[in-house]
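Below is one structure, written out as structure tokens; the observations come after it.
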Amino acid sequence: MTIRIMARLTARAGSETVLATILRDLCGPSRDESGCLGYDLFHNQDDPCEFVTVEQWNDQTAADAHLATPHVAEAVRLASALLAQPPLIHRFRQLA
């Protein structure tokens, strides 16, 4: 079953540019992962501190494997001090 994940990340004021770079750098390796059907990054035009990733995975196994990759671990390490709050991560399944 296809899994969609949306993660909302809020940067500390003044660290938006650095966080954007870390998140952009995460996109390529994530898209190359087995089971990745899509991995997109968005920046809120009304709130410069807010970023959202929209991910689509073949199944829960692929989504879980993504979280265990070195590139995710490195992004978490680099971004943790730049965030105003912990990321809000939501998993969705399509109903219609």
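The chains in the structure tokens are called A, B, ... from first to last as shown; in each chain the residues are counted from 1, and the ligands are counted from 1 in the order shown.
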
(request) If you run DSSP over the backbone, which residues in chain A end up helix (DSSP H, G or I)? Put them as a PyMOL selection string. (result) chain A and resi 16-31+60-67+70-82

For those residues, write C-alpha atoms to a file as a PDB file, in the first residue's frame.
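Once everything was written out, this is out-v3.pdb:
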ATOM      1  CA  GLU A  16      15.974  29.582   7.028  1.00  0.00           C
ATOM      2  CA  THR A  17      18.665  29.660   4.321  1.00  0.00           C
ATOM      3  CA  VAL A  18      20.869  27.065   5.987  1.00  0.00           C
ATOM      4  CA  LEU A  19      17.901  24.775   6.696  1.00  0.00           C
ATOM      5  CA  ALA A  20      16.720  25.134   3.090  1.00  0.00           C
ATOM      6  CA  THR A  21      20.127  23.963   1.865  1.00  0.00           C
ATOM      7  CA  ILE A  22      20.124  20.927   4.174  1.00  0.00           C
ATOM      8  CA  LEU A  23      16.613  19.974   3.072  1.00  0.00           C
ATOM      9  CA  ARG A  24      17.403  20.472  -0.635  1.00  0.00           C
ATOM     10  CA  ASP A  25      20.500  18.289  -0.265  1.00  0.00           C
ATOM     11  CA  LEU A  26      18.312  15.543   1.237  1.00  0.00           C
ATOM     12  CA  CYS A  27      15.979  15.403  -1.786  1.00  0.00           C
ATOM     13  CA  GLY A  28      18.311  13.806  -4.356  1.00  0.00           C
ATOM     14  CA  PRO A  29      19.494  10.853  -2.259  1.00  0.00           C
ATOM     15  CA  SER A  30      15.950  10.294  -0.985  1.00  0.00           C
ATOM     16  CA  ARG A  31      14.542  10.220  -4.521  1.00  0.00           C
ATOM     17  CA  GLN A  60       5.748   1.200   4.989  1.00  0.00           C
ATOM     18  CA  THR A  61       8.926  -0.867   4.665  1.00  0.00           C
ATOM     19  CA  ALA A  62      10.381   1.624   2.159  1.00  0.00           C
ATOM     20  CA  ALA A  63       9.349   4.580   4.344  1.00  0.00           C
ATOM     21  CA  ASP A  64      10.965   2.989   7.387  1.00  0.00           C
ATOM     22  CA  ALA A  65      14.142   2.188   5.431  1.00  0.00           C
ATOM     23  CA  HIS A  66      14.360   5.843   4.395  1.00  0.00           C
ATOM     24  CA  LEU A  67      14.476   6.926   8.037  1.00  0.00           C
ATOM     25  CA  PRO A  70      22.887   7.785   6.501  1.00  0.00           C
ATOM     26  CA  HIS A  71      21.685  10.829   4.543  1.00  0.00           C
ATOM     27  CA  VAL A  72      18.621  11.199   6.779  1.00  0.00           C
ATOM     28  CA  ALA A  73      20.770  10.790   9.896  1.00  0.00           C
ATOM     29  CA  GLU A  74      23.142  13.485   8.641  1.00  0.00           C
ATOM     30  CA  ALA A  75      20.281  15.867   7.781  1.00  0.00           C
ATOM     31  CA  VAL A  76      18.778  15.363  11.249  1.00  0.00           C
ATOM     32  CA  ARG A  77      22.164  16.030  12.850  1.00  0.00           C
ATOM     33  CA  LEU A  78      22.716  19.214  10.859  1.00  0.00           C
ATOM     34  CA  ALA A  79      19.164  20.544  11.125  1.00  0.00           C
ATOM     35  CA  SER A  80      18.397  19.850  14.774  1.00  0.00           C
ATOM     36  CA  ALA A  81      19.942  23.079  16.094  1.00  0.00           C
ATOM     37  CA  LEU A  82      18.238  25.102  13.343  1.00  0.00           C
TER      38      LEU A  82
END

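Residues surrounding range 49-59 of chain A within 7 Å are Met1, Thr2, Ile3, Arg4, Ile5, Met6, Ala7, Arg8, Leu9, Thr10, Ala11, Arg12, Ala13, Glu16, Gly35, Cys36, Leu37, Gly38, Tyr39, Asp40, Leu41, Phe42 and His43 of chain A [only C-alpha atoms; sequence separation below 6 positions excluded].
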
Selected residues written out with N, CA and C atoms, as an mmCIF file, in the first residue's frame:
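See selection_2.cif below for the written result:
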data_model
loop_
_atom_site.group_PDB
_atom_site.id
_atom_site.type_symbol
_atom_site.label_atom_id
_atom_site.label_comp_id
_atom_site.auth_asym_id
_atom_site.auth_seq_id
_atom_site.Cartn_x
_atom_site.Cartn_y
_atom_site.Cartn_z
ATOM 1 N N MET A 1 0.835 -1.168 0.000
ATOM 2 C CA MET A 1 0.000 0.000 0.000
ATOM 3 C C MET A 1 0.886 1.241 0.000
ATOM 4 N N THR A 2 0.631 2.177 -0.907
ATOM 5 C CA THR A 2 1.404 3.404 -1.002
ATOM 6 C C THR A 2 1.229 4.246 0.256
ATOM 7 N N ILE A 3 2.339 4.780 0.741
ATOM 8 C CA ILE A 3 2.352 5.621 1.934
ATOM 9 C C ILE A 3 2.764 7.036 1.527
ATOM 10 N N ARG A 4 2.036 8.006 2.017
ATOM 11 C CA ARG A 4 2.414 9.404 1.813
ATOM 12 C C ARG A 4 2.756 9.995 3.177
ATOM 13 N N ILE A 5 3.847 10.718 3.212
ATOM 14 C CA ILE A 5 4.291 11.344 4.450
ATOM 15 C C ILE A 5 4.480 12.828 4.189
ATOM 16 N N MET A 6 3.957 13.623 5.095
ATOM 17 C CA MET A 6 4.161 15.066 5.039
ATOM 18 C C MET A 6 4.831 15.485 6.337
ATOM 19 N N ALA A 7 5.945 16.175 6.203
ATOM 20 C CA ALA A 7 6.684 16.648 7.368
ATOM 21 C C ALA A 7 6.774 18.165 7.317
ATOM 22 N N ARG A 8 6.400 18.790 8.409
ATOM 23 C CA ARG A 8 6.468 20.257 8.522
ATOM 24 C C ARG A 8 7.638 20.594 9.428
ATOM 25 N N LEU A 9 8.557 21.403 8.903
ATOM 26 C CA LEU A 9 9.731 21.810 9.656
ATOM 27 C C LEU A 9 9.725 23.326 9.787
ATOM 28 N N THR A 10 9.954 23.799 10.997
ATOM 29 C CA THR A 10 9.953 25.235 11.261
ATOM 30 C C THR A 10 11.342 25.653 11.700
ATOM 31 N N ALA A 11 11.949 26.525 10.906
ATOM 32 C CA ALA A 11 13.296 27.009 11.194
ATOM 33 C C ALA A 11 13.265 28.081 12.281
ATOM 34 N N ARG A 12 14.337 28.151 13.031
ATOM 35 C CA ARG A 12 14.526 29.289 13.933
ATOM 36 C C ARG A 12 14.741 30.512 13.047
ATOM 37 N N ALA A 13 14.231 31.644 13.462
ATOM 38 C CA ALA A 13 14.410 32.879 12.687
ATOM 39 C C ALA A 13 15.905 33.096 12.431
ATOM 40 N N GLU A 16 16.760 30.107 8.147
ATOM 41 C CA GLU A 16 15.974 29.582 7.028
ATOM 42 C C GLU A 16 16.850 29.153 5.850
ATOM 43 N N GLY A 35 11.995 2.197 -3.599
ATOM 44 C CA GLY A 35 10.679 2.368 -3.000
ATOM 45 C C GLY A 35 10.184 3.801 -2.948
ATOM 46 N N CYS A 36 11.030 4.763 -3.334
ATOM 47 C CA CYS A 36 10.602 6.166 -3.338
ATOM 48 C C CYS A 36 9.857 6.460 -4.629
ATOM 49 N N LEU A 37 8.621 6.903 -4.497
ATOM 50 C CA LEU A 37 7.802 7.273 -5.656
ATOM 51 C C LEU A 37 7.765 8.778 -5.863
ATOM 52 N N GLY A 38 8.194 9.520 -4.859
ATOM 53 C CA GLY A 38 8.230 10.970 -4.959
ATOM 54 C C GLY A 38 8.732 11.577 -3.663
ATOM 55 N N TYR A 39 9.500 12.653 -3.791
ATOM 56 C CA TYR A 39 10.029 13.340 -2.612
ATOM 57 C C TYR A 39 10.184 14.799 -3.000
ATOM 58 N N ASP A 40 9.294 15.643 -2.485
ATOM 59 C CA ASP A 40 9.283 17.054 -2.867
ATOM 60 C C ASP A 40 9.418 17.936 -1.635
ATOM 61 N N LEU A 41 10.035 19.087 -1.830
ATOM 62 C CA LEU A 41 10.262 20.057 -0.773
ATOM 63 C C LEU A 41 9.560 21.357 -1.136
ATOM 64 N N PHE A 42 8.838 21.907 -0.181
ATOM 65 C CA PHE A 42 8.114 23.159 -0.383
ATOM 66 C C PHE A 42 8.512 24.163 0.688
ATOM 67 N N HIS A 43 8.468 25.445 0.308
ATOM 68 C CA HIS A 43 8.764 26.546 1.226
ATOM 69 C C HIS A 43 7.542 27.449 1.274
#

(message) I'd like the interatomic distance between CA of Thr69 in chain A and CA of Ser34 in chain A, to a tenth of an Å.
(response)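 Between CA of Thr69 in chain A and CA of Ser34 in chain A the gap works out to 11.5 Å.
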
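Within range 7-93 of chain A, residues classed as strand (DSSP E or B) by DSSP on backbone coordinates are Ala7, Arg8, Leu9, Thr10, Ala11, Cys36, Leu37, Gly38, Tyr39, Asp40, Leu41, Phe42, His43, Glu50, Phe51, Val52, Thr53, Val54, Glu55, Gln56, Trp57, Leu83, Leu88, Ile89, His90, Arg91 and Phe92 of chain A.
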
(request) Take CA of Asn44 in chain A and CA of Leu95 in chain A and report the distance between them in Å, one decimal. (result)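 Computing it gives 25.9 Å between the two atoms.
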